[in-house]
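**Q** Data: start.cif, mmCIF, C-alpha atoms.
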```cif
data_protein
#
loop_
_atom_site.label_atom_id
_atom_site.label_comp_id
_atom_site.auth_asym_id
_atom_site.auth_seq_id
_atom_site.Cartn_x
_atom_site.Cartn_y
_atom_site.Cartn_z
CA MET A 1076 0.00 0.00 0.00
CA PRO A 1077 1.27 3.54 -0.78
CA SER A 1078 3.19 5.30 1.97
CA VAL A 1079 2.37 8.99 2.49
CA LEU A 1080 4.10 11.73 4.47
CA VAL A 1081 1.77 14.57 5.51
CA VAL A 1082 3.60 17.83 6.31
CA GLU A 1083 1.00 20.11 7.88
CA ASP A 1084 1.14 22.28 11.02
CA ASP A 1085 -2.63 22.83 11.37
CA GLN A 1086 -3.65 20.03 13.73
CA PHE A 1087 -7.27 19.97 12.53
CA VAL A 1088 -6.32 19.69 8.84
CA ARG A 1089 -3.55 17.24 9.67
CA SER A 1090 -5.90 14.93 11.60
CA ALA A 1091 -8.48 15.02 8.82
CA LEU A 1092 -5.85 14.11 6.20
CA ILE A 1093 -4.49 11.27 8.34
CA ARG A 1094 -7.97 9.87 8.88
CA HIS A 1095 -8.91 10.04 5.21
CA LEU A 1096 -5.63 8.55 3.95
CA THR A 1097 -5.72 5.76 6.54
CA GLU A 1098 -9.29 4.90 5.56
CA ALA A 1099 -8.07 4.75 1.94
CA SER A 1100 -5.54 2.05 2.98
CA HIS A 1101 -2.47 4.30 2.87
CA THR A 1102 0.37 4.04 5.36
CA VAL A 1103 0.63 7.53 6.85
CA ARG A 1104 3.27 9.40 8.82
CA SER A 1105 2.85 13.08 9.66
CA VAL A 1106 4.95 15.99 10.89
CA GLY A 1107 4.30 19.67 11.52
CA THR A 1108 7.59 21.31 10.48
CA ALA A 1109 9.90 21.39 7.48
CA LEU A 1110 12.92 20.11 9.43
CA GLU A 1111 10.92 17.12 10.69
CA ALA A 1112 9.89 16.43 7.09
CA LEU A 1113 13.51 16.42 5.95
CA ARG A 1114 14.43 13.98 8.70
CA GLU A 1115 11.52 11.72 7.74
CA VAL A 1116 12.44 11.47 4.05
CA ALA A 1117 16.07 10.89 5.00
CA HIS A 1118 15.15 7.84 7.09
CA PHE A 1119 12.00 6.42 5.47
CA ARG A 1120 10.84 5.68 1.95
CA PHE A 1121 7.60 7.39 0.90
CA ASP A 1122 5.54 7.10 -2.28
CA VAL A 1123 4.23 10.68 -2.04
CA VAL A 1124 4.58 13.76 0.18
CA ILE A 1125 1.75 16.21 0.83
CA LEU A 1126 3.48 19.50 1.70
CA ASP A 1127 1.82 22.56 3.23
CA LEU A 1128 3.52 25.86 2.39
CA GLY A 1129 2.69 27.72 5.62
CA LEU A 1130 5.02 25.90 7.98
CA PRO A 1131 6.19 27.50 11.25
CA ASP A 1132 9.94 26.98 10.84
CA LEU A 1133 10.53 27.28 7.11
CA ASP A 1134 8.44 28.33 4.14
CA GLY A 1135 7.21 25.30 2.24
CA SER A 1136 8.76 26.52 -1.02
CA GLU A 1137 12.20 26.44 0.61
CA ALA A 1138 11.40 23.06 2.13
CA LEU A 1139 10.55 21.82 -1.37
CA LYS A 1140 13.97 22.83 -2.69
CA MET A 1141 15.66 21.06 0.23
CA LEU A 1142 13.55 17.94 -0.30
CA ARG A 1143 14.54 17.87 -3.96
CA GLY A 1144 18.17 17.92 -2.88
CA ILE A 1145 17.83 14.54 -1.15
CA THR A 1146 14.92 12.72 -2.80
CA ASP A 1147 12.83 12.51 -5.97
CA VAL A 1148 9.68 11.41 -4.12
CA PRO A 1149 6.55 12.93 -5.72
CA VAL A 1150 5.41 16.06 -3.87
CA ILE A 1151 1.90 17.52 -3.88
CA ILE A 1152 1.76 21.10 -2.61
CA ALA A 1153 -1.23 21.98 -0.40
CA THR A 1154 -1.62 25.74 -0.22
CA ALA A 1155 -4.10 28.53 0.37
CA ARG A 1156 -2.10 30.67 -2.08
CA ASP A 1157 -3.51 30.88 -5.60
CA ASP A 1158 -1.01 33.22 -7.25
CA GLU A 1159 -0.29 31.77 -10.69
CA SER A 1160 3.33 32.93 -10.84
CA GLU A 1161 4.06 31.24 -7.52
CA ILE A 1162 2.38 28.01 -8.62
CA VAL A 1163 4.50 28.01 -11.80
CA ARG A 1164 7.63 28.61 -9.70
CA LEU A 1165 6.76 25.71 -7.39
CA LEU A 1166 6.26 23.38 -10.36
CA ASN A 1167 9.59 24.54 -11.76
CA ASP A 1168 11.25 23.91 -8.39
CA GLY A 1169 10.17 20.27 -8.45
CA ALA A 1170 6.58 20.02 -7.23
CA ASP A 1171 4.58 17.34 -9.03
CA ASP A 1172 1.15 18.85 -8.42
CA TYR A 1173 -0.65 21.32 -6.19
CA LEU A 1174 -4.00 21.74 -4.48
CA THR A 1175 -5.51 25.03 -3.39
CA LYS A 1176 -7.15 24.98 0.05
CA PRO A 1177 -9.88 24.23 0.85
CA PHE A 1178 -10.07 21.00 -1.17
CA SER A 1179 -12.19 17.89 -0.88
CA VAL A 1180 -10.81 14.50 0.07
CA GLU A 1181 -12.08 13.20 -3.28
CA HIS A 1182 -10.01 15.82 -5.10
CA LEU A 1183 -6.95 14.91 -3.05
CA SER A 1184 -7.47 11.21 -3.79
CA ALA A 1185 -7.70 11.86 -7.54
CA ARG A 1186 -4.54 14.01 -7.55
CA MET A 1187 -2.63 11.43 -5.49
CA ALA A 1188 -3.69 8.61 -7.81
CA ALA A 1189 -2.51 10.61 -10.84
CA VAL A 1190 0.84 11.44 -9.23
CA LEU A 1191 1.41 7.81 -8.24
CA ARG A 1192 0.58 6.65 -11.79
CA ARG A 1193 3.07 9.13 -13.22
CA SER A 1194 5.74 8.01 -10.77
CA ARG A 1195 5.25 4.33 -11.64
CA ALA A 1196 5.22 5.08 -15.36
CA ALA A 1197 8.47 7.03 -15.02
CA GLU A 1198 10.05 4.13 -13.14
CA GLY A 1199 8.92 1.78 -15.90
CA ARG A 1200 10.44 3.96 -18.59
CA ALA A 1201 13.65 4.30 -16.56
CA ALA A 1202 13.96 0.52 -16.45
CA SER A 1203 14.63 0.48 -20.19
CA PRO A 1204 18.39 0.50 -20.87
CA ARG A 1205 17.99 1.81 -24.42
CA VAL A 1206 19.64 5.17 -25.07
CA ILE A 1207 17.53 7.36 -27.35
CA ARG A 1208 19.36 9.46 -29.94
CA VAL A 1209 17.72 12.13 -32.07
CA GLY A 1210 20.13 14.41 -33.89
CA GLY A 1211 22.48 15.84 -31.27
CA LEU A 1212 20.19 14.70 -28.44
CA SER A 1213 21.16 11.68 -26.37
CA ILE A 1214 18.73 10.50 -23.69
CA ASP A 1215 19.50 7.72 -21.21
CA PRO A 1216 16.23 6.71 -19.48
CA LEU A 1217 17.99 4.37 -17.05
CA ARG A 1218 20.33 7.03 -15.69
CA ARG A 1219 17.77 9.81 -16.34
CA ARG A 1220 20.43 11.80 -18.14
CA ALA A 1221 20.04 13.87 -21.29
CA GLU A 1222 22.73 15.55 -23.37
CA LEU A 1223 22.65 17.96 -26.28
CA ASP A 1224 25.73 17.93 -28.48
CA GLY A 1225 27.68 16.28 -25.65
CA VAL A 1226 26.63 18.80 -22.98
CA GLU A 1227 24.41 17.52 -20.14
CA LEU A 1228 21.02 19.20 -19.85
CA ASP A 1229 19.79 20.33 -16.43
CA LEU A 1230 16.18 19.12 -16.61
CA THR A 1231 13.45 18.81 -14.02
CA ARG A 1232 11.79 15.41 -13.72
CA ARG A 1233 8.76 16.51 -15.74
CA GLU A 1234 10.91 18.10 -18.45
CA PHE A 1235 12.94 14.89 -18.72
CA ASP A 1236 9.79 12.75 -18.98
CA LEU A 1237 8.31 15.03 -21.65
CA LEU A 1238 11.53 15.07 -23.67
CA THR A 1239 11.93 11.28 -23.39
CA PHE A 1240 8.35 10.62 -24.48
CA LEU A 1241 8.63 12.86 -27.55
CA ALA A 1242 12.12 11.63 -28.44
CA GLY A 1243 10.83 8.06 -28.40
CA ARG A 1244 8.51 9.05 -31.28
CA PRO A 1245 10.76 11.20 -33.51
CA GLY A 1246 8.89 12.98 -36.27
CA VAL A 1247 5.48 11.91 -34.92
CA VAL A 1248 2.98 14.62 -34.04
CA VAL A 1249 1.73 13.80 -30.54
CA PRO A 1250 -1.68 15.29 -29.61
CA ARG A 1251 -1.85 17.30 -26.40
CA LYS A 1252 -4.41 14.89 -24.95
CA GLU A 1253 -1.89 12.06 -25.39
CA LEU A 1254 0.82 14.09 -23.66
CA LEU A 1255 -1.50 14.72 -20.73
CA ALA A 1256 -2.40 11.03 -20.56
CA GLU A 1257 1.12 9.62 -20.96
CA VAL A 1258 3.40 12.20 -19.34
CA TRP A 1259 1.04 13.71 -16.76
CA GLN A 1260 -1.19 10.63 -16.40
CA GLN A 1261 -4.29 12.85 -16.61
CA SER A 1262 -7.33 12.40 -18.83
CA TYR A 1263 -7.96 16.15 -18.76
CA GLY A 1264 -6.06 19.28 -17.88
CA ASP A 1265 -5.04 22.80 -18.82
CA ASP A 1266 -3.05 23.21 -22.06
CA GLN A 1267 -1.08 25.92 -20.24
CA THR A 1268 0.64 23.20 -18.22
CA ILE A 1269 2.03 21.70 -21.42
CA ASP A 1270 2.91 25.11 -22.86
CA VAL A 1271 4.85 26.11 -19.74
CA HIS A 1272 6.92 22.91 -19.74
CA LEU A 1273 7.52 23.12 -23.50
CA SER A 1274 8.73 26.70 -23.04
CA TRP A 1275 11.17 25.65 -20.30
CA LEU A 1276 12.36 22.72 -22.40
CA ARG A 1277 12.88 24.88 -25.48
CA ARG A 1278 14.94 27.34 -23.46
CA LYS A 1279 17.23 24.52 -22.29
CA LEU A 1280 17.53 23.20 -25.85
CA GLY A 1281 18.60 26.67 -27.01
CA GLU A 1282 15.58 27.35 -29.20
CA THR A 1283 12.30 29.26 -29.22
CA ALA A 1284 8.79 28.59 -30.50
CA ALA A 1285 9.44 31.12 -33.28
CA ARG A 1286 12.76 29.50 -34.23
CA PRO A 1287 12.43 25.80 -33.38
CA ARG A 1288 15.18 23.25 -33.90
CA TYR A 1289 13.90 20.08 -32.21
CA LEU A 1290 10.46 20.91 -30.79
CA HIS A 1291 7.78 21.84 -33.30
CA THR A 1292 4.22 22.81 -32.36
CA LEU A 1293 1.45 22.32 -34.88
CA ARG A 1294 -1.33 24.63 -33.79
CA GLY A 1295 -4.52 22.74 -33.01
CA VAL A 1296 -2.83 19.36 -33.65
CA GLY A 1297 0.02 18.65 -31.26
CA VAL A 1298 3.79 18.60 -30.76
CA LYS A 1299 6.59 16.69 -32.43
CA LEU A 1300 10.31 16.30 -31.84
CA GLN A 1301 12.60 15.78 -34.79
CA PRO A 1302 16.29 16.39 -35.55
CA PRO A 1303 17.21 19.74 -37.06
CA ALA A 1304 17.17 19.86 -40.83
CA THR A 1305 20.59 19.29 -42.37
CA PRO A 1306 21.58 22.26 -44.52
CA PRO A 1307 22.18 21.36 -48.18
CA ALA A 1308 25.76 20.75 -49.19
CA PRO A 1309 27.31 23.59 -51.20
CA GLU A 1310 27.45 22.97 -54.93
CA ARG A 1311 30.84 22.14 -56.35
CA PRO A 1312 32.10 24.47 -59.04
CA ALA A 1313 31.91 23.00 -62.51
#
```
How does this structure look as C-alpha cells?

**A**
Amino acid sequence: MPSVLVVEDDQFVRSALIRHLTEASHTVRSVGTALEALREVAHFRFDVVILDLGLPDLDGSEALKMLRGITDVPVIIATARDDESEIVRLLNDGADDYLTKPFSVEHLSARMAAVLRRSRAAEGRAASPRVIRVGGLSIDPLRRRAELDGVELDLTRREFDLLTFLAGRPGVVVPRKELLAEVWQQSYGDDQTIDVHLSWLRRKLGETAARPRYLHTLRGVGVKLQPPATPPAPERPA
C-alpha cells in the first residue's frame, strides 16, 4: 500500500488528512515542520509527500527545494495561495502537483492517484536500458540523463519525462491529450501546463517557439520532436 508523508502544522487539517488517507488504505506518517519532514524522508521511503507551504519553521517553497536535494519522491503542494506565478515557480522547483485549500478529500485522492501513476510510469520507462538518440540529443532513461551535443542538460523530472516521451517518437505529431495522458497521467487538464513545460524545455535546448530546432508545435494538432534539418551541401564548381 502507498506510503504517504503529511507535512501540515494545522492540527485539525492534519488529523483530517491522516484519517482520510488511513481509511483509503495508505500508510501515513505526519509531521508539523519542514525540518521534521527532511528527517523523515532521509530515514524512510515514501511514495508521495503532501506538503503545506505555511510551515512554522521554514516556508514550504524552501522546504521543497531542500527535499529535492535529497529525494525525488513525488510532492503535492497543499496551499491557500492561488497566485499563478508562484504556482508556476513551485512546479519549476520540483513540485509534481498542487491543491488550493480548501479541497475535498475526493479531489486529493484523484490528484494522489494521478501522481502515483506518473511516478510508476516514469520508473517503468527508466527501467529500459535503451539510449535514445535524435540528432544531437542523447537520452539515457535508465540514468535519467540527457545531453545535447555532448553537454548535459539540467532538466526537471517533468521536463525529462516530456523530452523522453517525444524523443521516443521522432517525427510523430503527438496530440496534447496524449501528452497529458502519458506524461502527466491525466485524462484532462489545462493546455497551459504543457505550454509552460515546453517553453522551459525549449529554453534549455537553445531554441524558441518562433525559431524551433527540435520541438515543433502544430497549432490545433500537437507537438513533435525531430532532428534539425541538415543544410544542403554547397554545390561544387563546374

**Q** So that I can see what lies close to Phe1178 (chain A), please list as a list in words the residues with an atom at most 12 Å from it, counting only C-alpha atoms and leaving out residues fewer than 2 positions away in the same chain.

**A**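 The filter keeps Val1088, Ala1091, Leu1092, Ile1152, Ala1153, Thr1154, Ala1155, Tyr1173, Leu1174, Thr1175, Lys1176, Val1180, Glu1181, His1182, Leu1183, Ser1184, Ala1185 and Arg1186 of chain A.
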
**Q** How would you write, as a list in words, the residues chosen by the PyMOL selection byres ((chain A and resi 1149) around 8) on this structure?

**A** Asp1122, Val1123, Val1124, Asp1147, Val1148, Val1150, Ile1151, Ala1170, Asp1171, Val1190, Leu1191 and Ser1194 of chain A

**Q** Could you write out as a ChimeraX atom specification the residues that the PyMOL selection byres ((chain A and resi 1225-1240) around 9) matches in the shown file?

**A** /A:1147,1167-1169,1171,1197,1200,1207,1211-1216,1219-1224,1241-1244,1254,1257-1259,1272-1273,1275-1276,1279-1280,1300

**Q** Counting all atoms listed in the file, which residues have an atom no more than 8 Å from (3.4, 17.9, -33.8) in the file's coordinates? Please list them as a list in words.

**A**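 It turns out the residues near that spot are Gly1246, Val1247, Val1248, Val1249, Pro1250, His1291, Thr1292, Leu1293, Val1296, Gly1297, Val1298, Lys1299 and Leu1300 of chain A.
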
**Q** As an exercise, work out the distance from CA of Gly1210 (chain A) to CA of Pro1302 (chain A) in Å and give it to one decimal place.

**A**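 So the two atoms, CA of Gly1210 (chain A) and CA of Pro1302 (chain A), lie 4.6 Å apart.
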
**Q** Which residue gives the smallest distance to Val1271 (chain A) among A:Val1163, A:Ala1117, A:Ala1112, A:Leu1139, with only C-alpha atoms counted?

**A**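 Checking each of A:Val1163, A:Ala1117, A:Ala1112, A:Leu1139 against Val1271 (chain A), counting only C-alpha atoms, the winner is A:Val1163.
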
**Q** Quick one: everything within 8 Å of Gln1260 (chain A), counting all atoms listed in the file, minus sequence neighbours fewer than 4 positions away in the same chain. Send it as a list in words.

**A**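 Here the answer would be Ala1189, Val1190, Arg1192, Arg1193, Leu1255 and Ala1256 of chain A.
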
**Q** Please work out which residues fall within 10 Å of (12.8, 22.7, -37.4), coordinates as given in the file, with all atoms listed in the file counting, and return them as a ChimeraX atom specification.

**A** /A:1282,1284-1292,1299-1305

**Q** Between A:Arg1143, A:Thr1268, A:Asp1084, A:His1101, which residue has the minimum interatomic distance to Asp1127 (chain A), considering all atoms listed in the file?

**A**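 Distance minimum relative to Asp1127 (chain A) lands on A:Asp1084.
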
**Q** Between A:Asp1270, A:Phe1087, A:Ser1078, A:Phe1119, which one has atoms that come closest to Thr1102 (chain A), using only C-alpha atoms?

**A**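 When distances to Thr1102 (chain A) are compared using only C-alpha atoms, the smallest one comes from A:Ser1078.
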
**Q** So what do you get for CA of Gln1267 (chain A) versus CA of Gly1135 (chain A), distance-wise?

**A** 24.0 Å
